[in-house]
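Working notes, structure below.
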Amino acid sequence: MKIIEIKTLRGPNYWSNYRKKLIVMKLDLEELEEFPTNKIDGFAQRLEKMLPSMRKHRCSKNHEGGFFERVVEGTWMGHVIEHIALEIQSLAGMECGFGRTRGTGTKGMYNVVFSYMEETVGMYAAKASVKIAEAIVAGNEYDLENDIITMRKMREQERFGPSTGSIVDEAVARDIPFIRLNNQSLVQLGYGKNQVRFRATMTDRTSSIAVDLASNKDETKRMLQDAAIPVAKGMCIAYEHEVDEAISKIGFPLVFKPLDGNHGKGASINVKTVEEAKAAFEHAKKYSRKIIVESFISGYDFRILVINNRFIAAALREPAHIIGDGTSTIQQLIEIENKDPRRGYGHENVLTEISIDKETHDQLAKHGFTLDTILKKGELCYLKGTANLSTGGTSTDVTDIVHPHNIFICERISRVIGLDICGIDIMASNLSEPLETTGGVVLEVNAAPGFRMHLAPAKGLPRNVAAPVLDMLYPTGKSCRIPIIAVTGTNGKTTTTRLIAHIVKNNGFRVGYTTSDGIYVQNSMLTKGDTTGPISAEFILKDPTVEFAVLETARGGILRSGLGFGKCDVAVVTNIQEDHMGLSDIHTLKDMANVKGVVARAVKRDGYTVLNADNEHCVSISKTTDCKIAYFSINENNPIIIEHCKHGGIAAIYENGYITIKKGDWKFRVQKATQIPLTFGGKVTFMVYNVLAATLASYVYGFTIEDIKTSLETFIPSAAQTPGRMNIFDFKEYKVLIDFAHNADGFRGIKEFLSTIESPYKIGIITGTGDRRDDDIRDMGRISAEMFDHIIIRQDKFLRGRLADDIVKLLVEGIDEVNPKQSYEYIPKEVEALKHALSIAKPGTYITALSDVIDNAIDVVQSYLDKERGTL
């Protein structure tokens, strides 16, 4: 078997609009195409022996063991690999249940599709599943446990921590979109101007001054003392000779901790001798220049969580520990404790496995213990100096028993320090009585406190502490989204996108939009190039200045990575034509409609999909959506329009020379086509379609007809406004048209326009694109022969796996089919081809450059025009 490619999908996609995280592996079964599983001796038995847990896979049988039944009956290896990939992820602690295996149309070639939780793990699972299947086929041994351990480690490196993950999960539950801004814990919630950001449990509302205060334990302690809040007696030291002074002033037992430490690093507790004190000082010095020395307060370690100045939860924390049984060594007791099913690697379970490290040996040494010591029955032995869950500590929820006075103190502390999310460490015998009564003290205040102890305590009630964070960041009435209009289709996407953006901008919004030319915010191009994929969409949605997004969304990005957004308000499908066929296993117009339909299926239920009623494949998309539908057509008698409006539907039509909105039986004329510059007096049919699509999308979103009308009148087609889309340059004796038409349908649109042009000599500059089918390239040659008197073929770009001579040969074949006597010549370079056309132009000549490389063509023609006008 051979892996051809692996793609990672991260948004609504061709395979599923709801399962956004999918791996798509194109797999060539090679000789195994002839050997389904029932023809491989012993395969089913070896598979079940290696992965017995796959018995729970129901498969199409819809009962437990169904998949193994399929294997016995005979199924293809791609299907087996799909199930292996899902199962090994589950064994590594990531339950993934969705999978599909489909043929590509080429014998032996399959797309194996399965869900993942962490991207790198999903990629690893794809490759490992093939190796596992190959080992089972051959009857070879395979170290499956090594894969599981590797995937667990990869997951811990990539996944969100428990705190970040809980906030993201709560956001998803509330339908708030999120974007991960780095490979750590920096996350954006919401889009555009309505975004908020957080890192772990610090938000963009968290005061930097408050964080500095909380990080400086000495300063925190002073502020709390000044506010009459009980704190432990202590002092700050920096040099070893000050240890004796601290002992003298405070007295044993002591606590040593770094001034600006966190997670208990460098801390030593219950220090009772001068030797221990000096060792504790040296240990703390590894983490901070200054050291806090405090009285050791006996009692229990409690953590209080305050969010938005409100008490949320409380937990009792205990360091990792074991209890003797009178027979087992400490080493054995640790191993027994780690077998607790609640313990796991990293953050995968409620509790973390207890590791044996230097801190463990130091703790044991304080009591004269080693790992070989046998504890008495019932004897408690602490293995760590601090109660952090990440080192194996445990927590017990005590939220419901905290005394109101202690709640008052903690809420007051959050305001004194100024933290929006605040963790307060308290040492006391209990929290059910006021601290003043029990002699309890506040040990420290933490910015970015961990949530895990509250989310999944070892004992007691779990608390959804992420919910109040979202309540704070998005209070009732605050939106998390911005409006999104997404535009897809074969032709006309860019012009329609630009026109919609123009309408949006004229209605007072700061608009961000993506096109095949670049990314724009308002009038500024921020990135140049083809920006119609998910990364470009995210670029706009991450911009905090953007109030409204209009996103051109192309086939390539959808197939490569999925959509860059989860939902949109309006989707526009301009048309579906034969272009890019045969690529990425898309062989038919039905396949292409399914790709473009991804955008329509991403529309919110109360939103609209705007479809071309004159294109049957666009119309077919209406059957796959959950939203409202609106149609556009240049024919008001289109049966689809008539039936749709009969039931109160909304449409845009071209009637009596007007762009008109039809709502039920009513017509609302927007503007005459002759008054809309983009339609070139109504002579360019494909531009009329673009205007209809943009008008309808804007109307169903909520803009008024009057506002749309004004925008249509002020959108001027030009190299500046619509580069490469019907750009006409008027020279004294001839004209030049530059257009981005790059497929047969685009060529037909230009042909229709040129049929209205009076010219004694029409020159066409054409090119092919290497990733089209042979006959698609020939067709462009055929159409060119029908509309030009002389053709210049150029081919210096977009070879995409072909030789330039091969593309030119196909174009010429198409030309010769229509007119064997057609005048043509071959000039490879685009700039030279343009200059040559300009040099042979006669009075009245109409030169048309159908160019994939817009900028070069426009720059050359503009320089000639400037020279003619004397502006250079």
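Numbering starts fresh at 1 for the residues of each chain in the structure tokens, the chains themselves are lettered A, B, ... in the order given, and ligands are numbered from 1 as they appear.
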
Could I get the residues of segment 687-726 of chain A with an atom no further than 8 Å from an atom of segment 570-575 of chain A, each paired with its nearest atom pair and that distance in Å to one decimal, using only C-alpha atoms, sorted by chain and residue number, as CSV?
residue,atom,partner,partner_atom,distance
A:Tyr689,CA,A:Thr574,CA,7.8
A:Asn690,CA,A:Thr574,CA,7.3
A:Ala693,CA,A:Thr574,CA,6.8
A:Ala697,CA,A:Val570,CA,6.7
A:Val700,CA,A:Val570,CA,8.0
A:Tyr701,CA,A:Val570,CA,6.9

**Request:** Excluding segment 451-458 of chain A and any residue of its chain fewer than 2 positions from it, enumerate the residues within 7 Å of it, using only C-alpha atoms, and give them as a VMD selection string.
**Result:** chain A and resid 162 to 163 313 315 350 394 to 397 449 460 462 to 465

**Request:** Write down as a PyMOL selection string the residues belonging to segment 678-725 of chain A that are assigned helix (DSSP H, G or I) by DSSP computed on the backbone.
**Result:** chain A and resi 678-679+685-701+705-714

Using only C-alpha atoms, please write the residues we just selected to a file, as a PDB file, in the first residue's frame.
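Saved file result15.pdb follows:
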ATOM      1  CA  LEU A 678     -20.877  47.163 -14.020  1.00  0.00           C
ATOM      2  CA  THR A 679     -23.318  45.767 -16.607  1.00  0.00           C
ATOM      3  CA  THR A 685     -24.777  39.106 -19.390  1.00  0.00           C
ATOM      4  CA  PHE A 686     -22.367  37.570 -16.882  1.00  0.00           C
ATOM      5  CA  MET A 687     -22.043  40.963 -15.190  1.00  0.00           C
ATOM      6  CA  VAL A 688     -25.846  41.206 -14.988  1.00  0.00           C
ATOM      7  CA  TYR A 689     -25.746  37.864 -13.183  1.00  0.00           C
ATOM      8  CA  ASN A 690     -23.126  39.217 -10.771  1.00  0.00           C
ATOM      9  CA  VAL A 691     -25.267  42.302 -10.069  1.00  0.00           C
ATOM     10  CA  LEU A 692     -28.359  40.133  -9.480  1.00  0.00           C
ATOM     11  CA  ALA A 693     -26.444  37.897  -7.045  1.00  0.00           C
ATOM     12  CA  ALA A 694     -24.964  40.820  -5.097  1.00  0.00           C
ATOM     13  CA  THR A 695     -28.255  42.718  -5.023  1.00  0.00           C
ATOM     14  CA  LEU A 696     -30.167  39.707  -3.731  1.00  0.00           C
ATOM     15  CA  ALA A 697     -27.539  38.815  -1.116  1.00  0.00           C
ATOM     16  CA  SER A 698     -27.557  42.381   0.187  1.00  0.00           C
ATOM     17  CA  TYR A 699     -31.352  42.530   0.223  1.00  0.00           C
ATOM     18  CA  VAL A 700     -31.895  39.269   2.117  1.00  0.00           C
ATOM     19  CA  TYR A 701     -29.247  40.331   4.622  1.00  0.00           C
ATOM     20  CA  ILE A 705     -33.400  48.791  -1.907  1.00  0.00           C
ATOM     21  CA  GLU A 706     -32.547  52.499  -1.912  1.00  0.00           C
ATOM     22  CA  ASP A 707     -29.148  51.883  -0.337  1.00  0.00           C
ATOM     23  CA  ILE A 708     -28.434  49.014  -2.731  1.00  0.00           C
ATOM     24  CA  LYS A 709     -29.438  51.192  -5.698  1.00  0.00           C
ATOM     25  CA  THR A 710     -26.988  53.938  -4.715  1.00  0.00           C
ATOM     26  CA  SER A 711     -24.183  51.414  -4.364  1.00  0.00           C
ATOM     27  CA  LEU A 712     -24.870  49.824  -7.750  1.00  0.00           C
ATOM     28  CA  GLU A 713     -24.694  53.249  -9.379  1.00  0.00           C
ATOM     29  CA  THR A 714     -21.356  54.092  -7.751  1.00  0.00           C
TER      30      THR A 714
END

**Request:** Would you mind listing what lies within 6 Å of segment 285-294 of chain A as an MDAnalysis selection string, with only C-alpha atoms counted and same-chain residues fewer than 2 positions away left out?
**Result:** chainID A and resid 233:238 254:259 282:283

**Message:** Env of Val211 of chain A: 10 Å cut, atoms = only C-alpha atoms, seq-sep filter 3 positions within chain, self excluded. Answer as an MDAnalysis selection string.
**Reply:** chainID A and resid 202 206:208 214:216 417:419 422 445:448

Within 12 Å of segment 516-522 of chain A: each segment 467-510 of chain A residue with its shortest pair, only C-alpha atoms, as JSON lines:
{"residue": "A:Val487", "atom": "CA", "partner": "A:Ser516", "partner_atom": "CA", "distance": 11.7}
{"residue": "A:Thr488", "atom": "CA", "partner": "A:Ser516", "partner_atom": "CA", "distance": 11.5}
{"residue": "A:Asn491", "atom": "CA", "partner": "A:Ser516", "partner_atom": "CA", "distance": 11.5}
{"residue": "A:Gly492", "atom": "CA", "partner": "A:Ser516", "partner_atom": "CA", "distance": 10.9}
{"residue": "A:Lys493", "atom": "CA", "partner": "A:Ser516", "partner_atom": "CA", "distance": 8.7}
{"residue": "A:Thr494", "atom": "CA", "partner": "A:Ser516", "partner_atom": "CA", "distance": 6.5}
{"residue": "A:Thr495", "atom": "CA", "partner": "A:Ser516", "partner_atom": "CA", "distance": 9.9}
{"residue": "A:Thr496", "atom": "CA", "partner": "A:Ser516", "partner_atom": "CA", "distance": 11.8}
{"residue": "A:Thr497", "atom": "CA", "partner": "A:Ser516", "partner_atom": "CA", "distance": 10.0}
{"residue": "A:Arg498", "atom": "CA", "partner": "A:Tyr520", "partner_atom": "CA", "distance": 9.8}
{"residue": "A:Ala501", "atom": "CA", "partner": "A:Gln522", "partner_atom": "CA", "distance": 8.4}
{"residue": "A:His502", "atom": "CA", "partner": "A:Gln522", "partner_atom": "CA", "distance": 8.9}
{"residue": "A:Ile503", "atom": "CA", "partner": "A:Gln522", "partner_atom": "CA", "distance": 11.5}
{"residue": "A:Val504", "atom": "CA", "partner": "A:Gln522", "partner_atom": "CA", "distance": 9.8}
{"residue": "A:Lys505", "atom": "CA", "partner": "A:Gln522", "partner_atom": "CA", "distance": 7.1}
{"residue": "A:Asn506", "atom": "CA", "partner": "A:Gln522", "partner_atom": "CA", "distance": 10.3}
{"residue": "A:Gly508", "atom": "CA", "partner": "A:Gln522", "partner_atom": "CA", "distance": 10.6}
{"residue": "A:Phe509", "atom": "CA", "partner": "A:Gln522", "partner_atom": "CA", "distance": 8.7}
{"residue": "A:Arg510", "atom": "CA", "partner": "A:Gln522", "partner_atom": "CA", "distance": 5.8}

Do you know which residues are at most 6 Å from segment 542-553 of chain A counting only C-alpha atoms, after dropping those on the same chain fewer than 5 positions away, and could you put them as a short mmCIF file (atom, residue, chain, number, x, y, z; two decimals) with N, CA and C atoms, in the first residue's frame?
data_model
loop_
_atom_site.label_atom_id
_atom_site.label_comp_id
_atom_site.auth_asym_id
_atom_site.auth_seq_id
_atom_site.Cartn_x
_atom_site.Cartn_y
_atom_site.Cartn_z
N GLY A 192 -13.87 39.36 14.51
CA GLY A 192 -13.79 40.77 14.18
C GLY A 192 -13.82 41.67 15.40
N LYS A 193 -14.65 42.72 15.31
CA LYS A 193 -14.70 43.71 16.39
C LYS A 193 -15.31 43.14 17.66
N ILE A 482 -19.66 38.63 13.85
CA ILE A 482 -19.92 39.71 12.91
C ILE A 482 -20.64 39.09 11.72
N PRO A 483 -21.40 39.87 10.96
CA PRO A 483 -22.08 39.30 9.79
C PRO A 483 -21.05 38.77 8.78
N ILE A 484 -21.38 37.62 8.18
CA ILE A 484 -20.51 37.03 7.15
C ILE A 484 -21.36 36.69 5.93
N ILE A 485 -20.95 37.20 4.78
CA ILE A 485 -21.51 36.76 3.51
C ILE A 485 -20.41 36.04 2.76
N ALA A 486 -20.65 34.78 2.40
CA ALA A 486 -19.65 33.97 1.69
C ALA A 486 -20.09 33.77 0.25
N VAL A 487 -19.14 33.90 -0.67
CA VAL A 487 -19.45 33.82 -2.10
C VAL A 487 -18.62 32.70 -2.72
N THR A 488 -19.31 31.78 -3.41
CA THR A 488 -18.62 30.71 -4.11
C THR A 488 -19.25 30.53 -5.48
N PHE A 509 -20.54 50.12 7.39
CA PHE A 509 -19.74 49.10 8.08
C PHE A 509 -18.28 49.17 7.64
N ARG A 510 -17.38 48.83 8.56
CA ARG A 510 -15.99 48.63 8.18
C ARG A 510 -15.89 47.19 7.70
N VAL A 511 -15.73 47.01 6.40
CA VAL A 511 -15.82 45.68 5.80
C VAL A 511 -14.45 45.10 5.52
N GLY A 512 -14.31 43.82 5.80
CA GLY A 512 -13.12 43.07 5.41
C GLY A 512 -13.53 42.04 4.38
N TYR A 513 -12.76 41.92 3.30
CA TYR A 513 -13.16 40.94 2.29
C TYR A 513 -11.95 40.28 1.66
N THR A 514 -12.17 39.04 1.21
CA THR A 514 -11.11 38.26 0.58
C THR A 514 -11.49 38.01 -0.87
N THR A 515 -10.49 38.05 -1.75
CA THR A 515 -10.73 37.83 -3.17
C THR A 515 -9.56 37.05 -3.76
N THR A 532 -8.46 33.11 -1.30
CA THR A 532 -9.84 32.62 -1.24
C THR A 532 -9.99 31.37 -0.38
#

Quick one: contact table of segment 119-174 of chain A to segment 41-58 of chain A, 10 Å max, nearest atom pair and distance in Å to one decimal per residue, counting only C-alpha atoms, chain and number order, as a tab-separated table?
residue	atom	partner	partner_atom	distance
A:Ile132	CA	A:Leu47	CA	9.2
A:Ala133	CA	A:Leu47	CA	8.2
A:Ala135	CA	A:Arg46	CA	9.7
A:Ile136	CA	A:Arg46	CA	6.2
A:Val137	CA	A:Phe43	CA	6.0
A:Ala138	CA	A:Phe43	CA	8.8
A:Gly139	CA	A:Arg46	CA	7.5
A:Asn140	CA	A:Arg46	CA	9.7
A:Glu141	CA	A:Met50	CA	9.5
A:Tyr142	CA	A:Met50	CA	8.7
A:Asp143	CA	A:Met50	CA	9.8
A:Leu144	CA	A:Met50	CA	8.1

**Asked** Expressed in Å to a single decimal, how great is the separation between atom CA of Leu351 of chain A and atom CA of Thr164 of chain A?
**Response** 17.3 Å

**Request:** Would you list the contacts of Glu82 of chain A as an MDAnalysis selection string, taking every protein, DNA or RNA residue within 12 Å and counting only C-alpha atoms, but skipping same-chain residues closer than 4 positions in sequence?
**Result:** chainID A and resid 22:27 54 57 59 67 75:78 86:89 96:102 110:116 122 125:130 132:133

**Message:** Give me, as a ChimeraX atom specification, the residues of segment 604-689 of chain A that a backbone DSSP run labels strand (DSSP E or B).
**Reply:** /A:604-612,628-633,650-655,658-663,666-672

**Item:** Among the residues A:Thr327, A:Ser295, A:Thr527, A:Thr150, the one that comes closest to Ile250 of chain A [using only C-alpha atoms]
**Value:**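 That would be A:Ser295, the residue with the smallest distance to Ile250 of chain A.
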
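The space between atom CA of Arg725 of chain A and atom CA of Leu737 of chain A spans 9.1 Å.
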